Amino acid sequence: MLQKTTLKTEILAGVSTFLATMYIIVVNPAILSQSGMPFNGVLTATVLLSFFSSLMMGLYARNPIVVAPGMGMNAFFTFTAVKGMGISYQVALGAVFWAGIIFLLLSIFNVRTQIVKAIPKQLRYAISAGIGLFITLIGFANAKFIVPNPATIIGIASLHDPIIITFLIGLAITMIVLSKHIQGGIIIGILLTTILAIPIGRWWGDASAINFGQKTLVTWQGIFAAPDFSLLFQLDIINSLKISLLPVIFAFVFTDLFDSLSTFVGVAEAADLYDDKGEPQNIKQSLLTDAVATTLGGLLGSSPGTAFIESAVGISQGGRTGATAITAGLLFLPFMFLSPLLSIIPAIATAPALIVVGVLMMKPVIKIHWDKLDDAIPAFIAMVLIPFTYSITQGIIWGFLSWTIIKILNKKSKEVSWMLIIIDIFAIWALYLGH
């Protein structure tokens, strides 16, 4: 479909998209560094992955969509794969690499069509919402707002603590600027919260009081530094192929697949970017780009890359072609040299960003058929088990299994495809391996 646009419009749209997505430059290292990876190394990998993948999306798939490390998958990488399963980040990077290879094969041989049809839309909506809740929980936990409590499992930290007060002010600022639809709202929230955190440990309170492990939250490191390529090709390709790690690869593949497809469909709907067959424009090339971005994540030292739904911001500004993605991709590159400046941002400054991203991911929950219990129950199980078990994998597995059991017992086996049965077998296998 021929798009009526101008180069000026596309460039401005690319700038808008970049402002909406650039928070990932800070947030991705903040999350992945908790797995033991060096912050500066992850920042370099994040920038390179976003640059190359967005460039490929613009030049090859010719779509106005930014590709960068995905929220949700970075949380899965750190908290489920590395911390939850006790594997090294090198092995987890290997799992990312193999997930990308599988995604590539699924895209090339068009198997993705059967898989997408096999996964009930109700579960897709629930998984997206569940990941949003998971990311929100991580945000509150990173800010130490939610803390362990022996009596109630979890509880809220003291509201008299300067760190908690600063976090709440930062959260309020972030919510206000986003609700006013100010471009770059998440970044504004991160920067203002960082500024508010400067007095902590210097003139106000003790930053180490709730175990952040440092005397001050914000410590000046400088502005410029050479890129840190220490994570380049650090993946463990061999050990990541162990049978016990197949559920991890499985979760990366399917989460990435759902995420990218929902983004492409949503963006196509927003901008009327459909081809003559009524499918999202250049969908095969876009999925191949997404698959390459996942593989690159393992090679460069990051969680998988995926299409960003925030690309809709640039599209709302008139972006219709690959020039929008190319512009945004190029804008990522200079930040590779700013790791000292960006590393001063404390956890309480990125925590509000995680929470509001969680809010944005809850939108599909309104599409769940809550009045049909045979749809609602499996969807609800998938959605709540993701944050409750601190595992995206567990939510997906139990969502699939409960859907299959309820539909068959209700004599609605037509809603359970043969591909879903195969997925269920893999899910049961994953549960067996995990215990």
# chains A, B, ... in the order shown; residues from 1 in each chain; ligands from 1

call {"tool": "residues_around", "arguments": {"residues": "region 306-309 of chain A", "least_positions_apart": "4", "cutoff": "10 Å", "atoms": "only C-alpha atoms", "output": "number ranges by chain"}}
result
A: 17, 20-21, 49-50, 53-54, 57, 65-71, 73, 255-257, 259-267, 286-287, 289-294, 297, 313, 360-361

call {"tool": "atom_distance", "arguments": {"atom1": "CA of Thr78 (chain A)", "atom2": "CA of Val218 (chain A)"}}
result
23.4 Å

call {"tool": "closest_residue", "arguments": {"among": "A:Val365, A:Ile223, A:Leu159, A:Leu93", "to": "Leu133 (chain A)", "atoms": "only C-alpha atoms"}}
result
A:Val365

call {"tool": "residues_around", "arguments": {"residues": "Ile11 (chain A)", "least_positions_apart": "3", "cutoff": "12 Å", "atoms": "only C-alpha atoms", "output": "NGL selection string"}}
result
:A and (5-8 or 14-18 or 64 or 314-315 or 317-331)

call {"tool": "write_last_selection", "arguments": {"atoms": "C-alpha atoms", "output": "short mmCIF file (atom, residue, chain, number, x, y, z; two decimals), in the first residue's frame"}}
result
data_model
loop_
_atom_site.label_atom_id
_atom_site.label_comp_id
_atom_site.auth_asym_id
_atom_site.auth_seq_id
_atom_site.Cartn_x
_atom_site.Cartn_y
_atom_site.Cartn_z
CA THR A 5 3.99 11.06 3.62
CA THR A 6 7.09 13.26 3.47
CA LEU A 7 10.65 12.78 4.68
CA LYS A 8 10.22 15.63 7.19
CA GLY A 14 11.10 8.94 14.32
CA VAL A 15 12.15 11.49 16.95
CA SER A 16 8.77 11.09 18.68
CA THR A 17 9.09 7.30 18.67
CA PHE A 18 12.60 7.52 20.08
CA PRO A 64 7.72 2.50 11.17
CA GLY A 314 5.49 8.13 16.07
CA ILE A 315 2.72 6.73 13.90
CA GLN A 317 2.67 11.90 14.37
CA GLY A 318 2.36 10.71 10.77
CA GLY A 319 5.09 8.04 10.52
CA ARG A 320 4.17 5.49 7.87
CA THR A 321 7.41 4.10 6.38
CA GLY A 322 10.71 2.57 7.40
CA ALA A 323 12.28 6.04 7.57
CA THR A 324 10.63 6.48 10.96
CA ALA A 325 12.33 3.36 12.37
CA ILE A 326 15.67 4.31 10.79
CA THR A 327 15.55 7.78 12.38
CA ALA A 328 14.75 6.34 15.82
CA GLY A 329 17.44 3.68 15.45
CA LEU A 330 20.11 6.27 14.64
CA LEU A 331 19.16 8.31 17.70
#

call {"tool": "residues_around", "arguments": {"residues": "region 191-207 of chain A", "least_positions_apart": "3", "cutoff": "12 Å", "atoms": "only C-alpha atoms", "output": "JSON, numbers by chain"}}
result
{"A": [23, 26, 143, 144, 160, 161, 162, 163, 164, 165, 166, 167, 168, 169, 170, 171, 172, 173, 174, 177, 184, 185, 186, 187, 188, 210, 211, 212, 213, 214, 215, 216, 217, 218, 219, 220, 341, 342, 343, 344, 345, 346, 347, 348, 349, 350, 351, 352, 353]}

call {"tool": "write_last_selection", "arguments": {"atoms": "C-alpha atoms", "output": "PDB file, in the first residue's frame"}}
result
ATOM      1  CA  TYR A  23      13.647   4.710  28.560  1.00  0.00           C
ATOM      2  CA  VAL A  26      18.279   2.936  31.239  1.00  0.00           C
ATOM      3  CA  ALA A 143      12.074   0.608  45.001  1.00  0.00           C
ATOM      4  CA  LYS A 144      11.830  -1.427  48.219  1.00  0.00           C
ATOM      5  CA  HIS A 160       8.780   7.712  56.745  1.00  0.00           C
ATOM      6  CA  ASP A 161      11.869   6.592  54.820  1.00  0.00           C
ATOM      7  CA  PRO A 162      13.322   9.323  52.524  1.00  0.00           C
ATOM      8  CA  ILE A 163      13.844   6.760  49.765  1.00  0.00           C
ATOM      9  CA  ILE A 164      10.195   5.672  49.826  1.00  0.00           C
ATOM     10  CA  ILE A 165       8.994   9.274  49.934  1.00  0.00           C
ATOM     11  CA  THR A 166      11.180  10.166  46.942  1.00  0.00           C
ATOM     12  CA  PHE A 167       9.981   7.097  45.023  1.00  0.00           C
ATOM     13  CA  LEU A 168       6.317   8.015  45.623  1.00  0.00           C
ATOM     14  CA  ILE A 169       6.913  11.594  44.462  1.00  0.00           C
ATOM     15  CA  GLY A 170       8.678  10.248  41.362  1.00  0.00           C
ATOM     16  CA  LEU A 171       5.795   7.872  40.685  1.00  0.00           C
ATOM     17  CA  ALA A 172       3.305  10.737  40.992  1.00  0.00           C
ATOM     18  CA  ILE A 173       5.347  12.890  38.596  1.00  0.00           C
ATOM     19  CA  THR A 174       5.599  10.062  36.059  1.00  0.00           C
ATOM     20  CA  VAL A 177       3.266  13.676  32.745  1.00  0.00           C
ATOM     21  CA  GLY A 184       9.043  11.431  26.555  1.00  0.00           C
ATOM     22  CA  GLY A 185       6.972  11.313  29.746  1.00  0.00           C
ATOM     23  CA  ILE A 186       8.704   8.225  31.136  1.00  0.00           C
ATOM     24  CA  ILE A 187      12.152   9.764  30.618  1.00  0.00           C
ATOM     25  CA  ILE A 188      11.000  13.008  32.279  1.00  0.00           C
ATOM     26  CA  ILE A 210      17.014  -0.292  53.391  1.00  0.00           C
ATOM     27  CA  ASN A 211      19.957  -2.202  51.997  1.00  0.00           C
ATOM     28  CA  PHE A 212      20.731  -0.431  48.746  1.00  0.00           C
ATOM     29  CA  GLY A 213      24.361  -1.096  49.636  1.00  0.00           C
ATOM     30  CA  GLN A 214      25.715   2.424  49.156  1.00  0.00           C
ATOM     31  CA  LYS A 215      25.952   5.616  51.205  1.00  0.00           C
ATOM     32  CA  THR A 216      24.279   7.807  48.573  1.00  0.00           C
ATOM     33  CA  LEU A 217      21.768   6.873  45.898  1.00  0.00           C
ATOM     34  CA  VAL A 218      23.102   9.213  43.218  1.00  0.00           C
ATOM     35  CA  THR A 219      26.878   9.252  42.711  1.00  0.00           C
ATOM     36  CA  TRP A 220      28.483  11.272  39.925  1.00  0.00           C
ATOM     37  CA  LEU A 341      26.031   9.615  32.979  1.00  0.00           C
ATOM     38  CA  LEU A 342      23.224   7.062  32.732  1.00  0.00           C
ATOM     39  CA  SER A 343      24.628   4.795  35.458  1.00  0.00           C
ATOM     40  CA  ILE A 344      23.932   7.452  38.115  1.00  0.00           C
ATOM     41  CA  ILE A 345      20.190   6.770  37.791  1.00  0.00           C
ATOM     42  CA  PRO A 346      19.066   4.864  40.925  1.00  0.00           C
ATOM     43  CA  ALA A 347      16.553   2.024  41.172  1.00  0.00           C
ATOM     44  CA  ILE A 348      13.886   4.281  42.649  1.00  0.00           C
ATOM     45  CA  ALA A 349      14.032   6.406  39.474  1.00  0.00           C
ATOM     46  CA  THR A 350      13.457   3.500  37.071  1.00  0.00           C
ATOM     47  CA  ALA A 351      10.867   1.838  39.330  1.00  0.00           C
ATOM     48  CA  PRO A 352       8.045   4.275  38.357  1.00  0.00           C
ATOM     49  CA  ALA A 353       8.818   3.539  34.697  1.00  0.00           C
TER      50      ALA A 353
END

call {"tool": "residues_around", "arguments": {"residues": "Leu300 (chain A)", "least_positions_apart": "4", "cutoff": "10 Å", "atoms": "only C-alpha atoms", "output": "PyMOL selection string"}}
result
chain A and resi 41-42+44-49+93+97+229-235+295-296

call {"tool": "write_last_selection", "arguments": {"atoms": "C-alpha atoms", "output": "mmCIF file, in the first residue's frame"}}
result
data_model
loop_
_atom_site.group_PDB
_atom_site.id
_atom_site.type_symbol
_atom_site.label_atom_id
_atom_site.label_comp_id
_atom_site.auth_asym_id
_atom_site.auth_seq_id
_atom_site.Cartn_x
_atom_site.Cartn_y
_atom_site.Cartn_z
ATOM 1 C CA GLY A 41 28.022 -3.716 29.204
ATOM 2 C CA VAL A 42 24.241 -4.126 29.118
ATOM 3 C CA THR A 44 26.153 -0.922 25.190
ATOM 4 C CA ALA A 45 24.340 -4.115 24.168
ATOM 5 C CA THR A 46 20.952 -2.398 24.522
ATOM 6 C CA VAL A 47 21.991 0.496 22.288
ATOM 7 C CA LEU A 48 23.565 -1.751 19.632
ATOM 8 C CA LEU A 49 20.570 -4.102 19.587
ATOM 9 C CA LEU A 93 22.167 -15.498 26.882
ATOM 10 C CA PHE A 97 20.250 -17.071 21.112
ATOM 11 C CA PHE A 229 31.880 -4.535 24.857
ATOM 12 C CA SER A 230 32.552 -7.006 27.679
ATOM 13 C CA LEU A 231 29.285 -8.898 27.053
ATOM 14 C CA LEU A 232 29.860 -9.346 23.333
ATOM 15 C CA PHE A 233 29.763 -13.071 22.437
ATOM 16 C CA GLN A 234 29.738 -14.083 26.112
ATOM 17 C CA LEU A 235 26.806 -16.459 25.596
ATOM 18 C CA THR A 295 19.273 -13.807 18.152
ATOM 19 C CA LEU A 296 21.280 -10.565 18.322
#
